[in-house]
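Data file: coords-v1.cif. Format and content: mmCIF, C-alpha atoms.
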data_protein
loop_
_atom_site.label_atom_id
_atom_site.label_comp_id
_atom_site.auth_asym_id
_atom_site.auth_seq_id
_atom_site.Cartn_x
_atom_site.Cartn_y
_atom_site.Cartn_z
CA MET C 186 0.00 0.00 0.00
CA LYS C 187 1.27 3.44 -0.96
CA SER C 188 -0.10 6.38 0.97
CA ASP C 189 -0.83 8.40 -2.16
CA LYS C 190 -2.70 5.60 -3.92
CA TRP C 191 -5.45 4.63 -1.54
CA PRO C 192 -8.80 3.84 -3.21
CA GLN C 193 -10.46 7.00 -4.45
CA GLY C 194 -14.04 6.16 -3.43
CA THR C 195 -13.19 5.61 0.22
CA ALA C 196 -10.87 8.61 0.24
CA GLN C 197 -13.79 10.76 -0.92
CA ALA C 198 -16.03 9.39 1.83
CA THR C 199 -13.35 10.14 4.39
CA ALA C 200 -12.91 13.66 3.03
CA GLY C 201 -16.67 14.27 3.17
CA ALA C 202 -16.76 13.15 6.77
CA ALA C 203 -13.81 15.40 7.48
CA ARG C 204 -15.72 18.45 6.28
CA ARG C 205 -18.77 17.58 8.37
CA ARG C 206 -16.82 17.00 11.58
CA ALA C 207 -14.59 20.02 11.02
CA ALA C 208 -17.73 22.15 11.10
CA HIS C 209 -18.18 21.07 14.72
CA GLY C 210 -14.56 21.71 15.63
CA ARG C 211 -13.68 18.03 16.00
CA VAL C 212 -11.10 15.82 14.40
CA PRO C 213 -12.42 14.31 11.13
CA LEU C 214 -12.15 10.62 11.89
CA THR C 215 -14.46 8.00 10.47
CA VAL C 216 -14.99 4.58 12.00
CA GLY C 217 -16.12 1.39 10.29
CA VAL C 218 -16.41 -2.22 11.41
CA GLU C 219 -16.03 -5.72 10.01
CA GLU C 220 -17.67 -8.56 11.95
CA GLU C 221 -17.52 -12.32 11.42
CA TYR C 222 -20.26 -14.73 12.49
CA LEU C 223 -20.53 -18.49 12.80
CA LEU C 224 -23.45 -20.54 11.46
CA VAL C 225 -24.89 -23.23 13.73
CA ASP C 226 -27.66 -25.81 13.58
CA PRO C 227 -30.14 -24.91 16.36
CA VAL C 228 -30.88 -28.58 17.07
CA THR C 229 -27.39 -30.08 17.23
CA ARG C 230 -25.72 -26.72 18.02
CA HIS C 231 -22.83 -27.75 15.76
CA LEU C 232 -21.42 -25.62 12.98
CA SER C 233 -23.03 -25.60 9.55
CA ALA C 234 -21.09 -25.17 6.31
CA LYS C 235 -23.65 -23.10 4.39
CA ALA C 236 -22.06 -19.67 4.48
CA ASP C 237 -22.23 -19.29 0.71
CA LYS C 238 -25.99 -19.82 0.78
CA VAL C 239 -26.47 -17.28 3.58
CA VAL C 240 -24.38 -14.73 1.70
CA ALA C 241 -26.45 -15.29 -1.44
CA LEU C 242 -29.68 -14.72 0.47
CA THR C 243 -28.44 -11.47 2.05
CA GLY C 244 -26.90 -10.07 -1.12
CA ALA C 245 -29.99 -8.11 -2.16
CA GLU C 246 -30.04 -6.21 1.15
CA LEU C 247 -26.35 -5.94 2.01
CA GLY C 248 -24.71 -6.07 -1.43
CA ASP C 249 -20.92 -6.24 -1.25
CA ARG C 250 -21.03 -5.57 2.49
CA VAL C 251 -21.51 -9.30 3.11
CA THR C 252 -19.11 -12.04 2.04
CA THR C 253 -17.73 -15.46 2.89
CA GLU C 254 -14.57 -16.11 4.88
CA LEU C 255 -11.85 -18.78 5.00
CA THR C 256 -14.16 -21.58 6.16
CA ARG C 257 -17.66 -22.31 4.97
CA TYR C 258 -18.86 -21.92 8.56
CA GLN C 259 -18.28 -18.15 8.56
CA VAL C 260 -20.05 -15.07 7.23
CA GLU C 261 -18.44 -11.62 7.27
CA ILE C 262 -20.19 -8.25 7.13
CA ARG C 263 -18.70 -4.79 6.86
CA THR C 264 -20.16 -1.37 7.49
CA ASP C 265 -19.71 1.89 5.69
CA PRO C 266 -17.41 4.47 7.31
CA HIS C 267 -19.38 6.52 9.86
CA THR C 268 -18.84 9.66 11.89
CA SER C 269 -21.75 8.83 14.23
CA LEU C 270 -21.63 5.84 16.57
CA THR C 271 -25.43 5.81 16.58
CA ASP C 272 -25.50 5.42 12.80
CA LEU C 273 -22.81 2.75 13.03
CA GLY C 274 -24.91 0.86 15.58
CA ASP C 275 -28.00 1.08 13.39
CA GLN C 276 -26.15 -0.36 10.40
CA LEU C 277 -24.58 -3.12 12.48
CA SER C 278 -27.95 -4.09 13.92
CA ALA C 279 -29.50 -4.18 10.46
CA ALA C 280 -26.66 -6.34 9.12
CA ARG C 281 -26.91 -8.78 12.01
CA ARG C 282 -30.66 -9.07 11.49
CA ALA C 283 -30.21 -9.66 7.76
CA VAL C 284 -27.71 -12.46 8.35
CA ALA C 285 -29.88 -13.98 11.09
CA GLU C 286 -32.97 -13.92 8.87
CA ALA C 287 -31.11 -15.50 5.96
CA ALA C 288 -29.71 -18.19 8.23
CA GLY C 289 -33.20 -18.79 9.61
CA ARG C 290 -34.57 -19.39 6.11
CA LEU C 291 -32.08 -22.27 5.86
CA GLY C 292 -33.03 -23.62 9.29
CA LEU C 293 -29.81 -22.25 10.82
CA ARG C 294 -28.77 -19.58 13.31
CA ALA C 295 -25.92 -17.04 13.33
CA VAL C 296 -23.84 -16.47 16.45
CA SER C 297 -21.11 -14.00 17.32
CA SER C 298 -18.31 -15.74 19.21
CA GLY C 299 -14.55 -15.69 18.81
CA THR C 300 -14.44 -19.50 18.61
CA PRO C 301 -17.00 -22.25 18.02
CA VAL C 302 -18.27 -23.60 21.32
CA LEU C 303 -18.64 -27.24 20.26
CA GLY C 304 -15.63 -27.47 17.98
CA GLN C 305 -15.50 -28.31 14.29
CA HIS C 306 -14.59 -30.95 11.78
CA THR C 307 -10.84 -31.01 11.17
CA PRO C 308 -9.82 -29.97 8.63
CA PRO C 309 -12.75 -27.59 8.26
CA PRO C 310 -14.47 -27.13 4.89
CA LEU C 311 -12.71 -24.22 3.18
CA THR C 312 -14.42 -21.71 0.93
CA PRO C 313 -13.53 -22.42 -2.73
CA GLY C 314 -11.24 -19.98 -4.49
CA PRO C 315 -7.61 -19.56 -5.51
CA ARG C 316 -6.61 -17.45 -2.49
CA TYR C 317 -7.90 -19.93 0.06
CA ALA C 318 -6.40 -22.84 -1.89
CA ARG C 319 -3.06 -21.04 -1.86
CA SER C 320 -3.40 -20.38 1.87
CA SER C 321 -4.03 -24.07 2.53
CA ALA C 322 -1.00 -25.05 0.46
CA THR C 323 1.21 -22.48 2.19
CA PHE C 324 0.12 -22.69 5.83
CA ARG C 325 -1.22 -26.25 5.90
CA ALA C 326 -2.58 -27.26 9.32
CA LEU C 327 -2.54 -23.66 10.53
CA ASP C 328 -5.70 -23.18 8.48
CA HIS C 329 -7.39 -26.00 10.41
CA GLU C 330 -7.87 -23.87 13.53
CA GLN C 331 -9.01 -20.71 11.80
CA THR C 332 -12.71 -21.13 12.39
CA ALA C 333 -12.16 -18.14 14.64
CA CYS C 334 -14.11 -14.92 14.29
CA ALA C 335 -12.96 -11.36 14.85
CA CYS C 336 -14.23 -7.81 14.98
CA HIS C 337 -12.05 -5.34 13.07
CA VAL C 338 -12.34 -1.58 13.56
CA HIS C 339 -11.18 0.76 10.77
CA ILE C 340 -10.21 4.35 11.53
CA GLY C 341 -10.06 6.68 8.54
CA VAL C 342 -6.64 8.32 8.16
CA PRO C 343 -5.30 10.62 5.44
CA ASP C 344 -1.99 8.90 4.73
CA LEU C 345 0.36 6.10 5.66
CA ALA C 346 2.52 8.27 7.93
CA THR C 347 -0.52 9.13 10.07
CA ALA C 348 -1.58 5.49 10.15
CA LEU C 349 1.83 4.39 11.44
CA ARG C 350 2.01 7.17 14.02
CA LEU C 351 -1.38 6.13 15.35
CA SER C 352 -0.41 2.45 15.31
CA ASN C 353 2.61 3.21 17.48
CA GLN C 354 0.40 5.00 20.02
CA LEU C 355 -2.31 2.33 20.10
CA ARG C 356 0.05 -0.61 20.69
CA CYS C 357 0.08 -0.14 24.45
CA TRP C 358 -3.72 -0.25 24.62
CA LEU C 359 -3.97 -3.67 22.96
CA PRO C 360 -4.21 -5.56 26.29
CA ALA C 361 -7.12 -3.35 27.38
CA LEU C 362 -8.95 -3.95 24.10
CA ILE C 363 -8.43 -7.71 24.43
CA ALA C 364 -9.83 -7.67 27.97
CA LEU C 365 -12.86 -5.63 26.92
CA THR C 366 -13.85 -7.85 24.00
CA ALA C 367 -12.74 -11.34 25.09
CA ASN C 368 -15.45 -13.67 23.84
CA SER C 369 -13.91 -17.08 23.16
CA PRO C 370 -13.52 -19.13 26.35
CA TYR C 371 -14.57 -22.46 24.80
CA TRP C 372 -12.86 -24.68 22.26
CA ASP C 373 -14.04 -28.17 21.30
CA ALA C 374 -16.70 -28.12 24.06
CA GLN C 375 -14.08 -27.46 26.74
CA ASP C 376 -13.40 -24.38 28.84
CA THR C 377 -9.86 -23.37 27.89
CA GLY C 378 -9.28 -21.33 31.04
CA TYR C 379 -8.78 -18.30 28.79
CA ALA C 380 -11.19 -15.45 28.21
CA SER C 381 -9.93 -15.13 24.61
CA TRP C 382 -8.65 -18.43 23.26
CA ARG C 383 -8.81 -16.97 19.76
CA THR C 384 -5.95 -14.64 20.69
CA LEU C 385 -3.71 -17.61 21.37
CA THR C 386 -4.65 -19.47 18.19
CA ARG C 387 -3.80 -16.41 16.08
CA TRP C 388 -0.28 -16.13 17.49
CA ARG C 389 0.75 -19.31 15.68
CA TRP C 390 0.89 -17.44 12.39
CA PRO C 391 4.31 -16.25 11.23
CA VAL C 392 3.28 -12.57 11.18
CA ALA C 393 0.72 -11.98 13.93
CA GLY C 394 0.20 -10.42 17.34
CA PRO C 395 1.22 -6.92 18.44
CA PRO C 396 2.76 -4.94 15.57
CA PRO C 397 6.33 -3.68 15.72
CA TYR C 398 7.09 -0.03 16.39
CA LEU C 399 7.23 1.45 12.90
CA GLU C 400 9.61 4.37 12.46
CA SER C 401 8.36 5.72 9.12
CA PRO C 402 6.58 4.76 5.90
CA SER C 403 9.91 3.66 4.42
CA HIS C 404 10.59 1.45 7.46
CA PHE C 405 7.14 -0.10 7.03
CA GLU C 406 7.63 -0.68 3.30
CA ASP C 407 11.07 -2.20 3.81
CA LEU C 408 9.80 -4.50 6.53
CA VAL C 409 6.83 -5.64 4.45
CA GLY C 410 9.14 -6.23 1.49
CA ASN C 411 11.44 -8.36 3.61
CA LEU C 412 8.52 -10.39 4.97
CA MET C 413 7.19 -10.93 1.48
CA ALA C 414 10.63 -12.16 0.42
CA THR C 415 10.53 -14.84 3.13
CA GLU C 416 7.20 -16.10 1.72
CA SER C 417 5.83 -16.17 5.28
CA VAL C 418 2.96 -14.00 4.05
CA MET C 419 1.21 -14.41 0.73
CA ASP C 420 0.60 -10.70 0.26
CA ARG C 421 -0.14 -7.56 2.28
CA GLY C 422 -3.49 -8.99 3.31
CA GLY C 423 -1.53 -11.68 5.15
CA LEU C 424 -0.03 -9.25 7.67
CA TYR C 425 -1.97 -10.50 10.68
CA TRP C 426 -0.71 -7.93 13.16
CA ASP C 427 -3.25 -6.73 15.70
CA ILE C 428 -2.95 -3.27 14.12
CA ARG C 429 -2.06 -2.67 10.50
CA PRO C 430 -2.57 -0.13 7.74
CA SER C 431 -5.31 -1.56 5.55
CA HIS C 432 -4.05 -2.84 2.21
CA HIS C 433 -7.18 -1.82 0.28
CA VAL C 434 -8.82 1.21 1.97
CA PRO C 435 -7.34 4.38 3.56
CA THR C 436 -7.68 3.27 7.16
CA LEU C 437 -5.79 1.93 10.12
CA GLU C 438 -7.26 -1.46 10.96
CA ILE C 439 -7.40 -2.61 14.59
CA ARG C 440 -7.79 -6.40 14.44
CA VAL C 441 -7.21 -7.52 18.01
CA ALA C 442 -10.79 -8.12 19.15
CA ASP C 443 -12.81 -11.31 19.21
CA ALA C 444 -16.12 -11.22 17.39
CA CYS C 445 -18.16 -9.20 19.85
CA HIS C 446 -21.00 -10.78 21.78
CA THR C 447 -23.58 -8.06 21.02
CA VAL C 448 -23.84 -4.82 19.06
CA HIS C 449 -23.43 -3.03 22.42
CA ASP C 450 -19.99 -4.59 22.76
CA THR C 451 -19.00 -3.73 19.20
CA LEU C 452 -19.97 -0.09 19.73
CA LEU C 453 -17.99 0.04 22.96
CA LEU C 454 -14.94 -1.23 21.08
CA ALA C 455 -15.49 1.24 18.24
CA ALA C 456 -15.90 4.13 20.70
CA ALA C 457 -12.73 3.14 22.54
CA VAL C 458 -10.63 2.85 19.38
CA ARG C 459 -11.87 6.05 17.82
CA GLY C 460 -11.57 7.90 21.13
CA LEU C 461 -7.96 6.83 21.47
CA ALA C 462 -7.32 7.88 17.87
CA VAL C 463 -8.77 11.34 18.50
CA HIS C 464 -6.75 11.67 21.70
CA TRP C 465 -3.47 10.84 19.99
CA LEU C 466 -4.03 12.66 16.70
CA SER C 467 -5.64 15.92 17.79
CA GLY C 468 -6.24 15.80 21.53
CA PRO C 469 -3.95 16.13 24.55
CA GLY C 470 -1.78 13.23 23.39
CA ARG C 471 -0.92 14.63 19.96
CA ASP C 472 2.52 15.91 20.99
CA GLN C 473 3.44 12.97 23.21
CA ARG C 474 5.95 10.38 22.09
CA ALA C 475 4.66 6.84 21.84
CA GLN C 476 5.76 4.39 24.50
CA ARG C 477 8.07 1.65 23.28
CA PRO C 478 7.71 -1.35 25.58
CA GLU C 479 9.91 -4.30 24.87
CA PRO C 480 8.11 -6.59 22.38
CA GLU C 481 8.25 -9.49 24.83
CA VAL C 482 6.67 -7.38 27.59
CA LEU C 483 3.88 -6.16 25.31
CA ARG C 484 3.19 -9.71 24.19
CA ALA C 485 3.13 -10.88 27.82
CA ALA C 486 0.63 -8.14 28.68
CA CYS C 487 -1.59 -9.25 25.81
CA TRP C 488 -1.29 -12.88 26.91
CA ARG C 489 -2.38 -11.97 30.43
CA ALA C 490 -5.38 -10.04 29.09
CA ALA C 491 -6.35 -12.99 26.89
CA ARG C 492 -6.15 -15.32 29.87
CA ASP C 493 -7.91 -13.22 32.49
CA GLY C 494 -10.18 -10.87 30.59
CA LEU C 495 -11.70 -8.39 33.03
CA ALA C 496 -10.63 -10.35 36.10
CA GLY C 497 -7.61 -9.77 38.28
CA HIS C 498 -4.71 -7.60 37.22
CA SER C 499 -3.28 -6.05 34.07
CA LEU C 500 0.21 -4.86 33.28
CA ASP C 501 0.78 -1.12 33.30
CA LEU C 502 3.21 -0.79 30.42
CA ARG C 503 4.37 2.61 31.67
CA THR C 504 5.86 1.05 34.80
CA ASN C 505 5.90 -2.71 34.05
CA ARG C 506 3.95 -3.20 37.27
CA LEU C 507 0.65 -4.96 37.79
CA GLU C 508 -2.46 -2.91 38.49
CA THR C 509 -6.08 -3.94 38.86
CA THR C 510 -7.82 -4.35 35.55
CA ALA C 511 -10.48 -1.94 36.80
CA SER C 512 -7.79 0.74 37.23
CA HIS C 513 -6.30 -0.11 33.86
CA LEU C 514 -9.65 0.34 32.13
CA GLY C 515 -10.36 3.41 34.20
CA ARG C 516 -7.42 5.14 32.49
CA LEU C 517 -8.89 4.11 29.15
CA TRP C 518 -12.25 5.70 29.96
CA GLU C 519 -10.57 8.87 31.22
CA THR C 520 -8.66 9.11 27.95
CA ILE C 521 -11.57 8.67 25.57
CA LEU C 522 -14.50 10.39 27.34
CA PRO C 523 -13.36 13.94 26.45
CA THR C 524 -13.33 12.97 22.76
CA LEU C 525 -17.05 12.08 22.64
CA ASP C 526 -20.07 14.32 22.15
CA GLY C 527 -23.10 14.16 24.44
CA ALA C 528 -24.95 11.32 22.74
CA GLU C 529 -21.79 9.26 22.27
CA SER C 530 -20.76 9.87 25.87
CA MET C 531 -24.12 8.52 27.04
CA LEU C 532 -23.73 5.50 24.76
CA LEU C 533 -20.32 4.81 26.26
CA ARG C 534 -21.59 5.20 29.83
CA ASP C 535 -24.43 2.77 29.15
CA ALA C 536 -22.03 0.26 27.59
CA ARG C 537 -19.69 0.56 30.57
CA THR C 538 -22.59 -0.05 32.96
CA ARG C 539 -23.48 -3.24 31.09
CA LEU C 540 -19.84 -4.29 31.19
CA ASP C 541 -19.65 -3.68 34.93
CA THR C 542 -22.84 -5.60 35.66
CA SER C 543 -22.62 -8.52 33.20
CA GLY C 544 -18.96 -8.69 32.21
CA ASN C 545 -17.55 -9.29 28.74
CA GLY C 546 -18.65 -11.95 26.27
CA ALA C 547 -16.52 -14.65 27.88
CA ASP C 548 -18.06 -13.95 31.29
CA ARG C 549 -21.56 -14.22 29.82
CA GLN C 550 -20.79 -17.46 27.98
CA ARG C 551 -19.51 -19.01 31.18
CA ARG C 552 -22.52 -17.76 33.12
CA ALA C 553 -24.83 -19.44 30.61
CA TYR C 554 -22.97 -22.71 31.17
CA ARG C 555 -23.04 -22.50 34.97
CA GLU C 556 -26.83 -22.31 35.16
CA ARG C 557 -27.29 -25.99 34.19
CA HIS C 558 -23.77 -27.12 33.31
CA ARG C 559 -24.85 -27.83 29.74
CA ILE C 560 -22.47 -26.73 27.02
CA THR C 561 -25.35 -26.49 24.53
CA ASP C 562 -26.85 -23.73 26.69
CA VAL C 563 -23.86 -21.57 25.74
CA VAL C 564 -24.75 -21.89 22.04
CA ASP C 565 -28.40 -21.12 22.79
CA HIS C 566 -27.34 -18.04 24.71
CA LEU C 567 -25.22 -16.85 21.78
CA ILE C 568 -28.11 -17.40 19.38
CA GLU C 569 -30.47 -15.36 21.55
CA SER C 570 -28.09 -12.44 22.08
CA ALA C 571 -26.55 -12.09 18.62
CA THR C 572 -29.14 -9.67 17.24
CA ARG C 573 -29.89 -7.78 20.45
CA ALA C 574 -29.77 -4.12 19.42
CA PRO C 575 -28.67 -1.12 21.49
CA ALA C 576 -31.37 0.97 23.09
CA SER C 577 -32.21 4.06 21.09
#

This structure in structure tokens:
Amino acid sequence: MKSDKWPQGTAQATAGAARRRAAHGRVPLTVGVEEEYLLVDPVTRHLSAKADKVVALTGAELGDRVTTELTRYQVEIRTDPHTSLTDLGDQLSAARRAVAEAAGRLGLRAVSSGTPVLGQHTPPPLTPGPRYARSSATFRALDHEQTACACHVHIGVPDLATALRLSNQLRCWLPALIALTANSPYWDAQDTGYASWRTLTRWRWPVAGPPPYLESPSHFEDLVGNLMATESVMDRGGLYWDIRPSHHVPTLEIRVADACHTVHDTLLLAAAVRGLAVHWLSGPGRDQRAQRPEPEVLRAACWRAARDGLAGHSLDLRTNRLETTASHLGRLWETILPTLDGAESMLLRDARTRLDTSGNGADRQRRAYRERHRITDVVDHLIESATRAPAS
């Protein structure tokens, strides 16, 4: 990706949003989301490999905003870029309903979980196509555990230099974002002991996890060129860092989160990411140098967040000392609240209240299991909550 050759259509949308937000004296940042869902049979609660049929049924309503993924168990939707979190939530809710209705017409259900609760056939059925065939030939059994679903947040940025500067600032908040969105405690019908097992499965890829500190666009281009030369990635779309400049639209893509349990959770993630971006690009943090924790320490902090979620302690990367996760997230809220307008601030406060009272997705999945100690109840809970929309 070259910073002066990002796709024109999206660049125009970003520029239009910039003009609208500039009129209110705020930084012109758009936010968009990609979400991945799993298809399950409501009787057996096992995965169903009919993603292509669901995508076909939703095409009239969602157009190119719905597509298949690596396995035939998965459906992916994407939103337009938005400047309003309310509008983003409305579009997400509509997309989830469309996918759920299409799945229902096939006798199936759609769920939003970072991993399948009851496991999968191994190897899973892959979506046909040359890219996925090449992936299977290159990465082999690594593809067998990629029935894992994510939520990606895209922040509109004007150029590659801005994207890299923001990436460097956001790296230290990756553990907090993992803890907030952890929603994959089960794998193959077993509790893994982790809040986000998907995080651990992703780290097996040759280029994955927290991104490096990137000094400049030329540093980024040289590094990507070197990685391509090793053939450890097929192309720029194979850079599976938790944060990366998008290879096809003018955004910075934050990829660290599990597929979020509800639209409420997705909006909380989007608000947090965009709030941090505003803080670092035009708010009080704009002149501050990015922290540069040792890569091993940052990875350890992410591992701890994936294990414990909202429970216990998190690593304060400023001091390399443990602090309560509540304190850690408290600093996150203090950072982003000043960046939100009145309606968005209320949305964030409501989402935080739900988080405080019911936990993250992993907490809710485990609570569903504890009621009767039936693993199928977890799937039923995910089915029921997938299309629950935010209050207006």

**Message:** From the options C:Ser499, C:Gln375, C:Thr504, C:Ser320, which residue's atoms come nearest to C:Asp420, counting only C-alpha atoms?
**Reply:**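 That would be C:Ser320, the residue with the smallest distance to C:Asp420.
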
**Computed interatomic separation between atom CA of C:Asp565 and atom CA of C:Gln259 (Å)** =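 Distance reported for this atom pair: 17.7 Å.
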
**Asked** What is the atom CA of C:Val458 to atom CA of C:Trp518 distance in Å?
**Response**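 Straight-line distance from atom CA of C:Val458 to atom CA of C:Trp518 works out to 11.1 Å.
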
**Message:** For C:Val218, find every residue with an atom within 8 Å (counting only C-alpha atoms), except residues of its own chain fewer than 4 positions away, and show them as number ranges by chain.
**Reply:** C: 263-266, 336-339, 455

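Neighbouring residues of C:Ala553 at 10 Å or closer, counting all atoms listed in the file and skipping chain neighbours under 2 positions away, are C:Ala547, C:Asp548, C:Arg549, C:Gln550, C:Arg551, C:Arg555, C:Glu556, C:Arg557, C:His558, C:Arg559, C:Ile560, C:Thr561, C:Asp562, C:Val563, C:Val564, C:Asp565, C:His566, C:Leu567.
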
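Distance-wise, atom CA of C:Pro435 and atom CA of C:Ala245 end up 26.5 Å apart.
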
**Asked** So which residues touch C:Phe324 within 12 Å, counting all atoms listed in the file, skipping near sequence neighbours fewer than 6 positions away, as an MDAnalysis selection string?
**Response** chainID C and resid 316:318 330:331 389:392 416:419 423

Resolved residues for the PyMOL selection byres ((chain C and resi 274) around 9) as a PDB file with C-alpha atoms, in the frame of the given file:
ATOM      1  CA  SER C 269     -21.750   8.830  14.230  1.00  0.00           C
ATOM      2  CA  LEU C 270     -21.630   5.840  16.570  1.00  0.00           C
ATOM      3  CA  THR C 271     -25.430   5.810  16.580  1.00  0.00           C
ATOM      4  CA  ASP C 272     -25.500   5.420  12.800  1.00  0.00           C
ATOM      5  CA  LEU C 273     -22.810   2.750  13.030  1.00  0.00           C
ATOM      6  CA  ASP C 275     -28.000   1.080  13.390  1.00  0.00           C
ATOM      7  CA  GLN C 276     -26.150  -0.360  10.400  1.00  0.00           C
ATOM      8  CA  LEU C 277     -24.580  -3.120  12.480  1.00  0.00           C
ATOM      9  CA  SER C 278     -27.950  -4.090  13.920  1.00  0.00           C
ATOM     10  CA  ALA C 279     -29.500  -4.180  10.460  1.00  0.00           C
ATOM     11  CA  VAL C 448     -23.840  -4.820  19.060  1.00  0.00           C
ATOM     12  CA  HIS C 449     -23.430  -3.030  22.420  1.00  0.00           C
ATOM     13  CA  THR C 451     -19.000  -3.730  19.200  1.00  0.00           C
ATOM     14  CA  LEU C 452     -19.970  -0.090  19.730  1.00  0.00           C
ATOM     15  CA  ALA C 574     -29.770  -4.120  19.420  1.00  0.00           C
ATOM     16  CA  PRO C 575     -28.670  -1.120  21.490  1.00  0.00           C
TER      17      PRO C 575
END
